[in-house]
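Working notes, structure below.
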Amino acid sequence: MAELRSVAPSVVAVHAHAELLDALALSDAIVHRVAPDEAMVTAAPGSAATLVTTITEAVADDPGAVVLDATDGWAAFSVRGPDARLALSRVSPLALPEAGTIQGDLLRLPARIAASTDEIVVFVPAAFAVWVERKLRERCPELTRSAAEARP
């Protein structure tokens with residue numbers, strides 16, 4: 001079994017020179033490299049404004065850098081448990097890394113997936129959140145609701 005729950009991390013989009021992105025070291029956030037000159041930074045809910053300020057200062061040497069709070073543009077789902085990878089294999093052809101970020105097709109939508117040893121977080125465009133959750137539950141019998149969601 002695996003538990004599926006909706007999560008709401010802060011998401012910041014960063015477009016800057018690769019060497020500046022390589023140097024980003026944030027103790028309370030995860031830097032997901034998307035392209036040589038692009039990163040998605042995720043952190044605790046409500047921390048986007050602080051992240052934008054911190055990252056803007058870190059990439060200040062790039063006059064063309066763009067740092068934006070993109071939280072409202074993304075929906076995120078956490079999948080935890082021994083069958084998490086099996087469940088995601090039913091809806092995506094992507095080979096998930098043991099730890100790291102990958103992007104590509106999930107339910108025929110563009111998605112970013114952050115994998116670690118104990119959790120997989122799926123990011124999809126926010127406009128598709130309800131549809132994605134419904135399809136994950138329909139197509140992945142391994143997925144259960146979190147204890148908080150199961151309460152009446």
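Residue names in the structure tokens use chain letters A, B, ... in the order shown, residue numbers from 1 in each chain, and ligand numbers from 1 in the order shown.
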
Pull the closest atom pair for each residue of stretch 24-90 of chain A that gets at most 7 Å from stretch 4-16 of chain A, along with the distance in Å to one decimal, counting only C-alpha atoms, ordering rows by chain and then ascending residue number, as a Markdown table.
```
| residue | atom | partner | partner_atom | distance |
| --- | --- | --- | --- | --- |
| A:Asp37 | CA | A:Ala16 | CA | 5.3 |
| A:Glu38 | CA | A:His15 | CA | 4.5 |
| A:Ala39 | CA | A:Val14 | CA | 5.2 |
| A:Met40 | CA | A:Ala13 | CA | 4.8 |
| A:Val41 | CA | A:Val12 | CA | 5.1 |
| A:Thr42 | CA | A:Val11 | CA | 4.7 |
| A:Ala43 | CA | A:Ser10 | CA | 5.2 |
| A:Ala44 | CA | A:Pro9 | CA | 5.2 |
| A:Pro45 | CA | A:Pro9 | CA | 4.5 |
| A:Gly46 | CA | A:Ser10 | CA | 6.2 |
| A:Ser47 | CA | A:Ser10 | CA | 6.0 |
| A:Ala48 | CA | A:Ser10 | CA | 5.2 |
| A:Val52 | CA | A:Val12 | CA | 6.8 |
| A:Val59 | CA | A:Ala16 | CA | 6.8 |
| A:Asp62 | CA | A:Ala16 | CA | 6.4 |
| A:Ala65 | CA | A:Ala16 | CA | 4.6 |
| A:Val66 | CA | A:His15 | CA | 5.1 |
| A:Val67 | CA | A:Val14 | CA | 4.6 |
| A:Leu68 | CA | A:Ala13 | CA | 5.2 |
| A:Asp69 | CA | A:Val12 | CA | 4.6 |
| A:Ala70 | CA | A:Val12 | CA | 5.1 |
| A:Thr71 | CA | A:Val11 | CA | 4.4 |
| A:Ala76 | CA | A:Val7 | CA | 5.4 |
| A:Phe77 | CA | A:Ser6 | CA | 4.5 |
| A:Ser78 | CA | A:Arg5 | CA | 5.4 |
| A:Val79 | CA | A:Leu4 | CA | 4.7 |
| A:Arg80 | CA | A:Leu4 | CA | 6.8 |
```

Task: Non-local contacts of A:Pro36 (10 Å; only C-alpha atoms; under 5 positions in same chain excluded) as number ranges by chain - done: A: 15-19, 21-22

Open item on the list: Rounded to one decimal, what separation in Å do you get between atom CA of A:Val130 and atom CA of A:Ala29?
Closed with: 26.0 Å

Task: Nearest residue to A:Ser92 from the set A:Arg112, A:Thr56, A:Ala75, A:Ala127 (distances using only C-alpha atoms) - done: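 For A:Ser92, the nearest of the given residues is A:Arg112.
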
Open item on the list: Residues near stretch 115-122 of chain A, anyone? I mean within 12 Å using only C-alpha atoms, not counting same-chain ones fewer than 2 positions away, as a ChimeraX atom specification.
Closed with: /A:2-9,30,32,42,74-89,91-92,94-107,109-113,124-126,129,132-133,136

Task: Gap from atom CA of A:Arg33 to atom CA of A:Leu143 - Å, one decimal - done: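 Computing the Euclidean distance for atom CA of A:Arg33 and atom CA of A:Leu143 yields 27.9 Å.
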
Task: Straight-line distance linking atom CA of A:Leu20 with atom CA of A:Asp61, stated in Å to one decimal - done: 8.1 Å

Task: Residue list (strand (DSSP E or B), DSSP) for stretch 21-94 of chain A, as a PyMOL selection string - done: chain A and resi 29-35+38-43+66-69+74-80

- [ ] Rank A:Arg90, A:Phe128, A:Met1, A:Ala25 by their smallest atom-to-atom distance to A:Arg145, using only C-alpha atoms, and report the top residue only.
- [x]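 Among the listed residues, A:Met1 lies closest to A:Arg145.
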